[in-house]
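The structure file run_31.txt is reproduced below (compact mmCIF, C-alpha atoms).
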```txt
# COMPACT_ATOMS: atom_id res chain seq x y z
CA MET P 1 -7.92 -16.79 24.62
CA LYS P 2 -5.73 -13.77 24.02
CA THR P 3 -6.96 -10.65 22.27
CA ASP P 4 -5.45 -7.41 20.92
CA ILE P 5 -3.89 -5.15 23.54
CA LEU P 6 -4.78 -1.65 22.36
CA GLU P 7 -2.65 0.32 24.82
CA LYS P 8 0.44 -1.60 23.75
CA GLY P 9 -0.43 -1.42 20.06
CA ALA P 10 -0.25 -5.20 20.05
CA ILE P 11 -2.23 -7.30 17.59
CA VAL P 12 -2.78 -10.92 18.51
CA GLN P 13 -1.56 -13.30 15.83
CA ARG P 14 -3.07 -16.38 14.30
CA ASP P 15 -1.52 -18.64 16.90
CA ARG P 16 -3.60 -16.68 19.50
CA GLU P 17 -0.44 -16.60 21.54
CA THR P 18 2.03 -14.12 20.08
CA TYR P 19 1.65 -10.49 19.04
CA ALA P 20 2.61 -8.14 16.25
CA ILE P 21 3.46 -4.52 16.92
CA ALA P 22 3.73 -1.75 14.34
CA PRO P 23 5.69 1.30 15.51
CA HIS P 24 4.73 4.73 14.26
CA VAL P 25 6.71 5.53 11.12
CA PRO P 26 4.96 8.50 9.46
CA GLY P 27 4.71 7.90 5.71
CA GLY P 28 7.11 5.00 5.96
CA LEU P 29 10.08 7.36 6.21
CA LEU P 30 12.18 5.24 8.49
CA ALA P 31 15.38 6.63 9.99
CA LEU P 32 18.29 4.23 9.69
CA ALA P 33 18.84 4.44 13.47
CA ASP P 34 15.22 3.32 14.06
CA PHE P 35 15.56 0.55 11.50
CA LYS P 36 18.67 -0.75 13.25
CA ARG P 37 16.88 -0.80 16.61
CA LEU P 38 13.89 -2.57 15.04
CA VAL P 39 16.13 -5.26 13.61
CA ALA P 40 18.08 -5.62 16.87
CA VAL P 41 14.86 -5.96 18.88
CA ALA P 42 13.40 -8.49 16.43
CA GLU P 43 16.56 -10.53 16.79
CA LYS P 44 16.78 -10.28 20.57
CA TYR P 45 13.17 -11.31 21.15
CA GLN P 46 13.22 -13.95 18.43
CA ALA P 47 10.42 -12.46 16.38
CA ALA P 48 8.98 -14.63 13.62
CA ALA P 49 9.32 -11.93 10.95
CA LEU P 50 9.48 -8.29 10.03
CA LYS P 51 6.71 -7.28 7.66
CA ILE P 52 6.23 -4.11 5.68
CA SER P 53 2.52 -3.46 5.80
CA SER P 54 0.23 -1.87 3.28
CA GLY P 55 0.10 1.13 5.63
CA GLN P 56 3.84 1.75 5.16
CA ARG P 57 4.66 0.39 8.58
CA LEU P 58 7.31 -2.11 9.57
CA ALA P 59 5.65 -4.62 11.85
CA ILE P 60 7.49 -6.98 14.17
CA VAL P 61 5.54 -10.21 14.12
CA GLY P 62 5.53 -13.04 16.66
CA LEU P 63 6.46 -11.37 19.95
CA ARG P 64 5.60 -12.87 23.32
CA GLU P 65 3.22 -10.93 25.55
CA GLU P 66 5.70 -10.78 28.41
CA ASP P 67 8.28 -9.13 26.18
CA LEU P 68 6.06 -6.32 24.85
CA GLU P 69 6.98 -3.77 27.48
CA ALA P 70 10.71 -4.29 27.09
CA VAL P 71 10.37 -4.25 23.31
CA TRP P 72 8.72 -0.83 23.32
CA GLN P 73 11.26 0.49 25.76
CA GLU P 74 14.18 -0.65 23.66
CA LEU P 75 12.65 0.58 20.41
CA GLN P 76 12.24 4.13 21.71
CA MET P 77 9.45 4.54 19.17
CA SER P 78 5.79 5.30 19.66
CA ILE P 79 2.79 3.13 18.81
CA GLY P 80 1.41 3.08 15.28
CA TYR P 81 -2.36 2.99 15.52
CA ALA P 82 -2.97 0.02 13.25
CA ILE P 83 -6.11 -0.99 15.15
CA GLY P 84 -8.97 0.67 16.98
CA LEU P 85 -11.51 3.34 16.12
CA CYS P 86 -9.30 6.29 15.27
CA VAL P 87 -7.25 7.91 12.52
CA ARG P 88 -5.23 4.84 11.62
CA MET P 89 -2.53 6.18 9.43
CA VAL P 90 -1.59 8.97 7.13
CA LYS P 91 -0.12 7.20 4.14
CA PHE P 92 2.04 9.39 1.91
CA CYS P 93 4.30 9.01 -1.10
CA PRO P 94 7.78 10.58 -1.56
CA GLY P 95 6.24 13.66 -3.25
CA THR P 96 8.40 16.57 -4.29
CA THR P 97 10.93 15.65 -1.62
CA TYR P 98 12.22 12.68 -3.61
CA CYS P 99 10.09 11.73 -6.59
CA ARG P 100 10.41 13.48 -9.91
CA HIS P 101 6.73 12.97 -10.69
CA GLY P 102 5.74 14.89 -7.54
CA LYS P 103 3.57 17.96 -8.08
CA GLN P 104 2.97 18.84 -4.44
CA ASP P 105 4.81 18.34 -1.15
CA ALA P 106 3.17 15.10 -0.02
CA VAL P 107 5.77 14.53 2.69
CA GLY P 108 5.28 18.00 4.18
CA LEU P 109 1.48 17.84 4.21
CA GLY P 110 1.50 14.17 5.20
CA ARG P 111 3.76 14.80 8.19
CA GLU P 112 1.60 17.72 9.32
CA LEU P 113 -1.61 15.67 9.04
CA ASP P 114 0.11 12.84 10.89
CA ARG P 115 1.18 15.22 13.68
CA LEU P 116 -2.36 16.58 13.98
CA TYR P 117 -4.44 13.44 13.65
CA HIS P 118 -2.57 10.12 13.95
CA GLY P 119 -4.40 8.08 16.60
CA TYR P 120 -7.17 10.69 16.97
CA THR P 121 -10.24 8.89 18.35
CA LEU P 122 -13.29 8.80 16.06
CA PRO P 123 -16.46 6.68 15.91
CA ALA P 124 -15.04 4.61 13.04
CA LYS P 125 -11.84 3.54 11.33
CA PHE P 126 -10.45 6.53 9.45
CA LYS P 127 -7.63 6.52 6.91
CA ILE P 128 -5.87 9.37 5.14
CA GLY P 129 -3.75 9.13 1.99
CA VAL P 130 -1.62 11.90 0.48
CA ALA P 131 -0.19 11.45 -3.03
CA GLY P 132 2.11 13.96 -4.69
CA CYS P 133 0.76 13.32 -8.18
CA GLU P 134 -2.08 11.67 -10.02
CA TYR P 135 -0.38 8.27 -10.02
CA ASN P 136 -1.79 8.07 -6.50
CA CYS P 137 0.85 5.78 -4.99
CA ALA P 138 -0.61 6.32 -1.52
CA ALA P 139 -4.04 5.11 -2.70
CA PRO P 140 -5.97 8.26 -1.65
CA LEU P 141 -9.11 7.18 -3.51
CA VAL P 142 -9.73 4.35 -1.04
CA LYS P 143 -9.17 6.42 2.08
CA GLU P 144 -11.67 8.42 4.17
CA ILE P 145 -9.73 11.49 3.08
CA GLY P 146 -7.55 11.43 -0.02
CA LEU P 147 -5.33 14.24 -1.27
CA THR P 148 -3.80 14.19 -4.73
CA GLY P 149 -1.21 16.75 -5.87
CA THR P 150 -1.71 18.49 -9.22
CA PRO P 151 0.15 21.47 -10.70
CA GLU P 152 -2.81 23.63 -9.56
CA GLY P 153 -2.81 22.42 -5.96
CA TRP P 154 -4.44 19.64 -3.98
CA THR P 155 -7.51 17.67 -5.03
CA LEU P 156 -9.45 16.38 -2.02
CA THR P 157 -11.66 13.30 -2.14
CA ALA P 158 -13.64 11.82 0.75
CA GLY P 159 -15.42 8.61 1.60
CA GLY P 160 -13.22 5.99 -0.03
CA SER P 161 -12.59 2.52 1.37
CA ALA P 162 -11.01 -0.70 0.15
CA GLY P 163 -12.64 -3.28 2.36
CA ALA P 164 -15.65 -5.55 2.15
CA LYS P 165 -17.64 -2.93 0.26
CA PRO P 166 -15.03 -1.00 -1.70
CA ARG P 167 -15.86 2.57 -2.62
CA LEU P 168 -13.96 5.31 -4.44
CA GLY P 169 -13.82 8.66 -2.69
CA ASP P 170 -16.09 11.50 -3.89
CA LEU P 171 -14.53 14.66 -5.27
CA ILE P 172 -14.90 17.43 -2.70
CA ALA P 173 -12.55 20.21 -3.79
CA GLN P 174 -9.73 21.02 -6.21
CA GLY P 175 -6.90 23.52 -6.42
CA LEU P 176 -6.36 23.78 -2.65
CA ASP P 177 -3.12 25.12 -1.21
CA ASP P 178 -1.62 23.48 1.89
CA ALA P 179 -3.54 25.72 4.30
CA GLY P 180 -6.80 25.17 2.41
CA ALA P 181 -6.26 21.41 2.45
CA LEU P 182 -5.55 21.40 6.20
CA ASP P 183 -8.64 23.49 6.87
CA LEU P 184 -10.91 21.20 4.85
CA VAL P 185 -9.44 18.10 6.49
CA ALA P 186 -10.14 19.66 9.90
CA ARG P 187 -13.77 20.24 8.95
CA ILE P 188 -14.21 16.67 7.67
CA ILE P 189 -12.66 15.24 10.84
CA ARG P 190 -15.01 17.40 12.94
CA PHE P 191 -17.90 16.03 10.91
CA ALA P 192 -16.67 12.44 11.36
CA ALA P 193 -16.29 12.99 15.11
CA GLY P 194 -19.96 13.98 15.28
CA VAL P 195 -21.32 10.86 13.56
CA GLU P 196 -23.53 9.14 16.11
CA VAL P 197 -23.26 5.54 15.00
CA LYS P 198 -20.04 3.64 15.57
CA LYS P 199 -18.01 1.61 13.08
CA VAL P 200 -19.65 3.09 9.99
CA ARG P 201 -17.02 4.30 7.55
CA LEU P 202 -17.36 7.80 6.14
CA GLY P 203 -18.32 6.63 2.64
CA ARG P 204 -21.44 4.89 4.00
CA VAL P 205 -22.36 8.02 5.94
CA ILE P 206 -22.03 10.13 2.77
CA GLU P 207 -24.20 7.63 0.88
CA LYS P 208 -26.82 7.79 3.57
CA ILE P 209 -27.11 11.58 3.81
CA GLY P 210 -26.18 12.34 0.20
CA LEU P 211 -23.07 14.05 -1.16
CA ASP P 212 -24.69 17.50 -1.29
CA GLU P 213 -25.72 17.34 2.35
CA PHE P 214 -22.23 16.15 3.31
CA LYS P 215 -20.70 19.08 1.43
CA ARG P 216 -23.05 21.49 3.15
CA ALA P 217 -22.17 20.01 6.52
CA ILE P 218 -18.47 20.64 5.93
CA GLY P 219 -19.06 24.07 4.41
CA VAL P 220 -18.19 23.31 0.78
CA GLY P 221 -20.23 24.62 -2.15
CA MET D 1 22.52 13.63 -21.50
CA ALA D 2 19.77 13.86 -18.94
CA LYS D 3 19.48 10.83 -16.72
CA ASP D 4 16.51 8.51 -16.63
CA ASP D 5 15.41 5.37 -14.79
CA ILE D 6 17.75 2.44 -15.40
CA LEU D 7 15.25 -0.34 -16.02
CA ALA D 8 17.88 -3.05 -16.42
CA LYS D 9 18.97 -2.32 -12.87
CA ASN D 10 15.57 -1.51 -11.42
CA ALA D 11 16.95 1.87 -10.40
CA ILE D 12 14.58 4.80 -10.21
CA LEU D 13 15.91 8.30 -10.87
CA GLN D 14 15.11 10.68 -8.03
CA ARG D 15 13.97 14.27 -8.07
CA ASP D 16 17.53 15.59 -7.84
CA GLN D 17 17.99 14.10 -11.37
CA GLU D 18 21.24 12.66 -10.07
CA THR D 19 20.74 9.84 -7.58
CA TYR D 20 18.66 6.67 -7.68
CA ALA D 21 16.42 4.61 -5.48
CA ILE D 22 16.75 0.84 -5.47
CA MET D 23 14.45 -1.57 -3.72
CA ALA D 24 14.95 -4.59 -1.56
CA ARG D 25 13.13 -7.58 -2.98
CA LEU D 26 10.63 -8.51 -0.32
CA LEU D 27 7.79 -10.67 -1.46
CA GLY D 28 4.65 -9.45 0.26
CA GLY D 29 6.79 -7.13 2.39
CA VAL D 30 8.24 -9.96 4.48
CA LEU D 31 11.75 -9.05 5.56
CA ASP D 32 14.04 -11.71 7.02
CA LEU D 33 16.83 -10.75 9.39
CA PRO D 34 19.79 -11.58 7.11
CA THR D 35 18.28 -9.31 4.44
CA ALA D 36 17.70 -6.62 7.06
CA HIS D 37 21.38 -6.73 8.02
CA ARG D 38 22.44 -6.47 4.41
CA LEU D 39 20.15 -3.46 3.95
CA ILE D 40 21.74 -1.81 6.98
CA ALA D 41 25.19 -2.50 5.51
CA VAL D 42 24.28 -0.87 2.19
CA ALA D 43 22.67 2.14 3.88
CA GLU D 44 25.73 2.70 6.07
CA LYS D 45 28.15 2.26 3.20
CA TYR D 46 26.47 4.92 1.10
CA GLY D 47 25.47 7.29 3.86
CA ILE D 48 21.74 6.72 3.51
CA THR D 49 20.00 7.96 6.65
CA THR D 50 16.34 7.42 5.76
CA LEU D 51 14.66 4.39 4.27
CA LYS D 52 11.20 4.53 2.71
CA LEU D 53 8.60 1.89 3.34
CA THR D 54 6.46 2.24 0.25
CA GLY D 55 2.80 1.74 -0.50
CA ALA D 56 3.88 -1.30 -2.50
CA GLN D 57 5.40 -2.92 0.62
CA ARG D 58 8.88 -2.28 -0.63
CA LEU D 59 11.81 -0.94 1.28
CA ALA D 60 13.53 1.70 -0.81
CA LEU D 61 17.10 2.84 -0.45
CA ILE D 62 17.01 6.41 -1.69
CA GLY D 63 19.98 8.47 -2.85
CA ILE D 64 22.38 5.97 -4.41
CA ARG D 65 24.80 7.27 -7.03
CA GLU D 66 24.76 5.62 -10.42
CA GLU D 67 28.30 4.26 -10.06
CA ASP D 68 27.38 2.57 -6.76
CA ILE D 69 24.28 0.72 -7.95
CA ASP D 70 26.04 -2.53 -8.94
CA ASP D 71 28.00 -2.66 -5.72
CA ALA D 72 24.86 -1.96 -3.68
CA TYR D 73 23.12 -4.93 -5.29
CA GLU D 74 26.15 -7.07 -4.62
CA THR D 75 26.06 -6.14 -0.94
CA LEU D 76 22.33 -6.90 -0.90
CA GLY D 77 23.14 -10.27 -2.40
CA TYR D 78 21.03 -10.41 -5.50
CA LYS D 79 20.68 -9.19 -9.03
CA PRO D 80 17.82 -7.01 -10.23
CA ILE D 81 15.25 -8.63 -12.51
CA PRO D 82 15.52 -6.80 -15.82
CA GLY D 83 12.24 -5.77 -17.35
CA ALA D 84 10.40 -5.31 -14.09
CA ALA D 85 9.51 -1.64 -14.08
CA LEU D 86 9.19 -1.27 -10.35
CA CYS D 87 6.69 1.51 -10.19
CA GLN D 88 4.50 -0.27 -12.71
CA GLN D 89 4.41 -3.80 -11.43
CA TYR D 90 4.06 -5.32 -8.04
CA ILE D 91 2.46 -8.02 -5.98
CA LYS D 92 1.18 -6.95 -2.60
CA ALA D 93 0.08 -9.45 0.01
CA CYS D 94 -1.19 -9.15 3.57
CA PRO D 95 0.00 -11.55 6.32
CA GLY D 96 -2.88 -13.97 5.61
CA THR D 97 -3.15 -17.28 7.45
CA THR D 98 0.60 -17.27 8.11
CA PHE D 99 0.25 -14.64 10.82
CA CYS D 100 -3.11 -12.86 10.92
CA SER D 101 -5.96 -14.10 13.08
CA ARG D 102 -8.48 -12.88 10.48
CA GLY D 103 -6.86 -14.59 7.48
CA GLN D 104 -9.01 -17.05 5.52
CA GLN D 105 -6.44 -18.07 2.91
CA ASP D 106 -2.66 -18.39 2.56
CA THR D 107 -1.76 -15.11 0.85
CA LEU D 108 2.01 -15.40 1.14
CA ALA D 109 2.10 -18.87 -0.46
CA LEU D 110 -0.05 -17.65 -3.34
CA ALA D 111 2.07 -14.51 -3.77
CA LYS D 112 5.18 -16.65 -4.06
CA LYS D 113 3.59 -18.84 -6.72
CA VAL D 114 2.31 -15.83 -8.66
CA GLU D 115 5.75 -14.26 -8.61
CA GLU D 116 7.55 -17.44 -9.63
CA ARG D 117 5.16 -18.18 -12.43
CA PHE D 118 4.38 -14.77 -13.89
CA TYR D 119 6.67 -11.98 -12.69
CA PRO D 120 7.81 -9.82 -14.45
CA TYR D 121 5.25 -9.41 -17.22
CA PRO D 122 7.16 -8.45 -20.35
CA LYS D 123 5.23 -6.85 -23.18
CA ILE D 124 2.46 -5.53 -21.00
CA THR D 125 3.04 -1.83 -21.50
CA SER D 126 0.68 -0.64 -18.79
CA LYS D 127 0.75 -1.28 -15.06
CA VAL D 128 0.30 -4.74 -13.62
CA LYS D 129 -0.60 -4.46 -9.96
CA ILE D 130 -1.75 -7.47 -8.01
CA GLY D 131 -3.16 -7.42 -4.50
CA ILE D 132 -3.66 -10.59 -2.49
CA ALA D 133 -5.72 -10.12 0.67
CA GLY D 134 -6.44 -12.90 3.14
CA CYS D 135 -9.88 -11.62 4.12
CA MET D 136 -12.58 -9.11 3.22
CA ASN D 137 -10.88 -6.37 5.23
CA SER D 138 -8.66 -6.01 2.16
CA CYS D 139 -5.52 -4.57 3.75
CA VAL D 140 -3.71 -4.60 0.40
CA GLU D 141 -6.50 -2.83 -1.48
CA PRO D 142 -7.33 -5.53 -4.07
CA ALA D 143 -10.30 -3.47 -5.32
CA ILE D 144 -7.95 -0.97 -6.98
CA LYS D 145 -5.50 -3.49 -8.45
CA ASP D 146 -5.45 -4.87 -11.99
CA ILE D 147 -5.93 -8.27 -10.42
CA GLY D 148 -7.27 -8.47 -6.87
CA LEU D 149 -7.78 -11.54 -4.74
CA ILE D 150 -9.62 -11.87 -1.45
CA GLY D 151 -9.51 -14.96 0.72
CA THR D 152 -12.88 -16.24 1.93
CA PRO D 153 -13.71 -19.36 3.95
CA LYS D 154 -14.68 -21.19 0.74
CA GLY D 155 -11.78 -20.12 -1.42
CA TRP D 156 -10.54 -17.12 -3.37
CA LEU D 157 -12.63 -14.27 -4.73
CA LEU D 158 -11.04 -12.96 -7.92
CA MET D 159 -11.58 -9.48 -9.27
CA ALA D 160 -9.96 -7.58 -12.10
CA GLY D 161 -9.74 -4.13 -13.62
CA GLY D 162 -9.17 -1.91 -10.61
CA ALA D 163 -6.91 1.15 -10.64
CA GLY D 164 -5.97 3.82 -8.14
CA GLY D 165 -4.29 6.38 -10.38
CA LYS D 166 -5.39 9.01 -12.87
CA GLU D 167 -8.53 7.13 -13.81
CA PRO D 168 -9.50 5.36 -10.64
CA MET D 169 -11.75 2.35 -11.02
CA LEU D 170 -13.03 -0.36 -8.73
CA ALA D 171 -12.26 -3.88 -9.88
CA GLU D 172 -15.13 -6.11 -10.96
CA VAL D 173 -15.70 -9.45 -9.32
CA LEU D 174 -15.15 -12.24 -11.88
CA ALA D 175 -15.40 -15.39 -9.78
CA ARG D 176 -15.74 -16.70 -6.25
CA ASN D 177 -14.71 -19.78 -4.29
CA LEU D 178 -11.71 -20.60 -6.47
CA SER D 179 -8.95 -22.97 -5.43
CA GLU D 180 -5.34 -21.81 -5.62
CA ALA D 181 -4.82 -23.82 -8.82
CA GLU D 182 -7.90 -22.23 -10.39
CA VAL D 183 -6.65 -18.78 -9.45
CA LEU D 184 -3.29 -19.37 -11.12
CA GLU D 185 -4.93 -20.75 -14.23
CA ALA D 186 -7.27 -17.76 -14.45
CA MET D 187 -4.43 -15.32 -13.88
CA GLU D 188 -2.54 -16.81 -16.79
CA LYS D 189 -5.55 -16.15 -19.05
CA ILE D 190 -6.12 -12.67 -17.72
CA LEU D 191 -2.47 -11.70 -18.18
CA LYS D 192 -2.49 -13.14 -21.69
CA TYR D 193 -5.58 -11.07 -22.49
CA TYR D 194 -3.92 -7.97 -20.99
CA ARG D 195 -0.73 -8.61 -22.98
CA ALA D 196 -2.62 -8.98 -26.26
CA ALA D 197 -4.56 -5.77 -25.64
CA SER D 198 -1.30 -4.09 -24.70
CA GLN D 199 0.00 -4.79 -28.17
CA THR D 200 -3.12 -3.62 -29.97
CA PRO D 201 -2.93 0.03 -31.12
CA ARG D 202 -6.44 0.87 -29.88
CA THR D 203 -5.75 -0.25 -26.34
CA ARG D 204 -1.98 0.27 -26.03
CA ASN D 205 -0.90 1.60 -22.63
CA GLN D 206 -4.39 1.26 -21.20
CA ARG D 207 -4.99 -0.25 -17.79
CA LEU D 208 -6.82 -3.56 -17.73
CA GLY D 209 -9.93 -1.91 -16.28
CA LEU D 210 -10.35 0.37 -19.30
CA ILE D 211 -9.81 -2.52 -21.69
CA MET D 212 -12.39 -4.58 -19.83
CA ARG D 213 -14.89 -1.73 -19.94
CA ALA D 214 -14.47 -1.34 -23.69
CA ASP D 215 -14.72 -5.09 -24.32
CA GLY D 216 -17.28 -5.89 -21.66
CA LYS D 217 -16.24 -8.14 -18.79
CA GLU D 218 -18.11 -11.05 -20.42
CA ARG D 219 -15.23 -11.45 -22.84
CA LEU D 220 -12.82 -12.08 -19.97
CA LEU D 221 -15.35 -14.32 -18.25
CA ARG D 222 -15.58 -16.42 -21.43
CA LEU D 223 -11.79 -16.58 -21.79
CA CYS D 224 -11.57 -17.86 -18.22
CA GLY D 225 -14.29 -20.43 -18.96
CA TRP D 226 -16.74 -18.90 -16.51
CA GLN D 227 -19.44 -18.06 -19.01
```
Can you turn what I pasted into structure tokens?
Amino acid sequence: MKTDILEKGAIVQRDRETYAIAPHVPGGLLALADFKRLVAVAEKYQAAALKISSGQRLAIVGLREEDLEAVWQELQMSIGYAIGLCVRMVKFCPGTTYCRHGKQDAVGLGRELDRLYHGYTLPAKFKIGVAGCEYNCAAPLVKEIGLTGTPEGWTLTAGGSAGAKPRLGDLIAQGLDDAGALDLVARIIRFAAGVEVKKVRLGRVIEKIGLDEFKRAIGVG
Amino acid sequence: MAKDDILAKNAILQRDQETYAIMARLLGGVLDLPTAHRLIAVAEKYGITTLKLTGAQRLALIGIREEDIDDAYETLGYKPIPGAALCQQYIKACPGTTFCSRGQQDTLALAKKVEERFYPYPKITSKVKIGIAGCMNSCVEPAIKDIGLIGTPKGWLLMAGGAGGKEPMLAEVLARNLSEAEVLEAMEKILKYYRAASQTPRTRNQRLGLIMRADGKERLLRLCGWQ
């Protein structure tokens, strides 16, 4: 029986025969040229569907294993880490770049976080969401690290998840500028990298050691 | 006069206070190839170089001038649904049993039925976000949706009252092991309850989760016939 092929970013589908791939599209900002190649490739290799995922990716679904290499070559795009124990995605909203509700530059910070951490190996699944305002379009409260833009700067929450045991992130800091947010994210990722058990999401770790201890460990308060 | 969103055309005013974003209608984010080609045609016609895949599984065309909106829809091949405030209402669905090896229920079929039967939701003045996940992994974040569904081997788990915004709340589980028909029936009652509260001064503009907290979830359980 076929299984996921991590190094090709390929996720085996329900038929246990074909694969889905999800190219790396930071924040879902998809260049028209990339979109055209995606559509052309889907057509050429007779994909079953294109699907916009909850992680702001555009997946090509229903590809044959023997076509995967050619598909990636023709796409000229890199792998989106939709699976595996790593920083899965940095989800971000249009922020002050496009949206008139935006209070902070979610695209700028999101892109920088994506550049630094997308695919970064950690002991557990790790998601980051950056929202330009309190409407929280990028769902930061259910991510390991969530950033929400306010007129006073970034609010950072940690330990959220949406899965089998949903949990809202805990408030860690408010009023951060971009550099302060990046620094705190770096410290949380260092902490997450040092967790000794595998596959335990950050929220569970915080619950186990207590929020105060977590804050101490990352040098807050 | 300053510009604003054009609800009748589902066009969202952008930060430049001049251009608009319009969205392709993609139920559950599934994009067929003919639609993809029409999107490319619109983008090329209006010089759009970047598309945005949104957290709501939409594909947004950003930067369309007001006078081009009608023509853009014509090229896309459909009319906007008036009354559907895009940023306030959506149905998200994961690939479910159609594609995903983990799926326990048919999310895309349910999403289609929910949309046909209920969408848009006029007279509900607050957000109506629905997330339909095929398994407990919850790719579409049902726990922070007004109505969240999770597929399990024995049927659907239904929760309500979640929110991800200014007052984030986790949804509360109302029932388990529901059939698709039971889900639709319950959703009708929940939306009716939400609509009534939406028109009551005390609870106007409140998200379902806040209304449920004030009323107690037992009230909704009784309305659904589960208590």
Next on the checklist: Taking (-3.8, -18.1, 3.2) in the coordinates of the supplied file, I want to know which residues reach to within 12 Å of it, counting all atoms listed in the file; could you give the answer as a PyMOL selection string?
Outcome noted: (chain P and resi 14) or (chain D and resi 93-112+132-135+149-156+179-180)
What does the file look like for those residues with C-alpha atoms, as a PDB file, in the frame of the given file?
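As a result, result-v8.pdb now contains:
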```pdb
ATOM      1  CA  ARG P  14      -3.070 -16.380  14.300  1.00  0.00           C
TER       2      ARG P  14
ATOM      3  CA  ALA D  93       0.080  -9.450   0.010  1.00  0.00           C
ATOM      4  CA  CYS D  94      -1.190  -9.150   3.570  1.00  0.00           C
ATOM      5  CA  PRO D  95       0.000 -11.550   6.320  1.00  0.00           C
ATOM      6  CA  GLY D  96      -2.880 -13.970   5.610  1.00  0.00           C
ATOM      7  CA  THR D  97      -3.150 -17.280   7.450  1.00  0.00           C
ATOM      8  CA  THR D  98       0.600 -17.270   8.110  1.00  0.00           C
ATOM      9  CA  PHE D  99       0.250 -14.640  10.820  1.00  0.00           C
ATOM     10  CA  CYS D 100      -3.110 -12.860  10.920  1.00  0.00           C
ATOM     11  CA  SER D 101      -5.960 -14.100  13.080  1.00  0.00           C
ATOM     12  CA  ARG D 102      -8.480 -12.880  10.480  1.00  0.00           C
ATOM     13  CA  GLY D 103      -6.860 -14.590   7.480  1.00  0.00           C
ATOM     14  CA  GLN D 104      -9.010 -17.050   5.520  1.00  0.00           C
ATOM     15  CA  GLN D 105      -6.440 -18.070   2.910  1.00  0.00           C
ATOM     16  CA  ASP D 106      -2.660 -18.390   2.560  1.00  0.00           C
ATOM     17  CA  THR D 107      -1.760 -15.110   0.850  1.00  0.00           C
ATOM     18  CA  LEU D 108       2.010 -15.400   1.140  1.00  0.00           C
ATOM     19  CA  ALA D 109       2.100 -18.870  -0.460  1.00  0.00           C
ATOM     20  CA  LEU D 110      -0.050 -17.650  -3.340  1.00  0.00           C
ATOM     21  CA  ALA D 111       2.070 -14.510  -3.770  1.00  0.00           C
ATOM     22  CA  LYS D 112       5.180 -16.650  -4.060  1.00  0.00           C
ATOM     23  CA  ILE D 132      -3.660 -10.590  -2.490  1.00  0.00           C
ATOM     24  CA  ALA D 133      -5.720 -10.120   0.670  1.00  0.00           C
ATOM     25  CA  GLY D 134      -6.440 -12.900   3.140  1.00  0.00           C
ATOM     26  CA  CYS D 135      -9.880 -11.620   4.120  1.00  0.00           C
ATOM     27  CA  LEU D 149      -7.780 -11.540  -4.740  1.00  0.00           C
ATOM     28  CA  ILE D 150      -9.620 -11.870  -1.450  1.00  0.00           C
ATOM     29  CA  GLY D 151      -9.510 -14.960   0.720  1.00  0.00           C
ATOM     30  CA  THR D 152     -12.880 -16.240   1.930  1.00  0.00           C
ATOM     31  CA  PRO D 153     -13.710 -19.360   3.950  1.00  0.00           C
ATOM     32  CA  LYS D 154     -14.680 -21.190   0.740  1.00  0.00           C
ATOM     33  CA  GLY D 155     -11.780 -20.120  -1.420  1.00  0.00           C
ATOM     34  CA  TRP D 156     -10.540 -17.120  -3.370  1.00  0.00           C
ATOM     35  CA  SER D 179      -8.950 -22.970  -5.430  1.00  0.00           C
ATOM     36  CA  GLU D 180      -5.340 -21.810  -5.620  1.00  0.00           C
TER      37      GLU D 180
END
```
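Taking CA of Asp105 (chain P) and CA of Gly149 (chain P) as the two end points, the separation is 7.8 Å.
Coordinates place CA of Gly165 (chain D) at a distance of 21.1 Å from CA of Leu202 (chain P).
Residues from chain D found within 6 Å of chain P are Gln14, Arg15, Gly29, Val30, Leu31, Thr49, Thr50, Leu51, Lys52, Leu53, Thr54, Gly55, Gln57, Phe99, Cys100, Ser101, Met136, Asn137, Ser138, Val140, Glu141, Gly164, Gly165 and Lys166 of chain D, counting all atoms listed in the file.
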Export of prior selection with C-alpha atoms as a short mmCIF file (atom, residue, chain, number, x, y, z; two decimals), keeping the file's coordinate frame:
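Listed below is the output, part34.cif:
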```cif
data_model
loop_
_atom_site.label_atom_id
_atom_site.label_comp_id
_atom_site.auth_asym_id
_atom_site.auth_seq_id
_atom_site.Cartn_x
_atom_site.Cartn_y
_atom_site.Cartn_z
CA GLN D 14 15.11 10.68 -8.03
CA ARG D 15 13.97 14.27 -8.07
CA GLY D 29 6.79 -7.13 2.39
CA VAL D 30 8.24 -9.96 4.48
CA LEU D 31 11.75 -9.05 5.56
CA THR D 49 20.00 7.96 6.65
CA THR D 50 16.34 7.42 5.76
CA LEU D 51 14.66 4.39 4.27
CA LYS D 52 11.20 4.53 2.71
CA LEU D 53 8.60 1.89 3.34
CA THR D 54 6.46 2.24 0.25
CA GLY D 55 2.80 1.74 -0.50
CA GLN D 57 5.40 -2.92 0.62
CA PHE D 99 0.25 -14.64 10.82
CA CYS D 100 -3.11 -12.86 10.92
CA SER D 101 -5.96 -14.10 13.08
CA MET D 136 -12.58 -9.11 3.22
CA ASN D 137 -10.88 -6.37 5.23
CA SER D 138 -8.66 -6.01 2.16
CA VAL D 140 -3.71 -4.60 0.40
CA GLU D 141 -6.50 -2.83 -1.48
CA GLY D 164 -5.97 3.82 -8.14
CA GLY D 165 -4.29 6.38 -10.38
CA LYS D 166 -5.39 9.01 -12.87
#
```
Next on the checklist: I'd like the contact shell of region 33-41 of chain D - 6 Å cut-off, only C-alpha atoms, skipping same-chain residues fewer than 2 positions apart - returned as a ChimeraX atom specification.
Outcome noted: /D:43-44,76
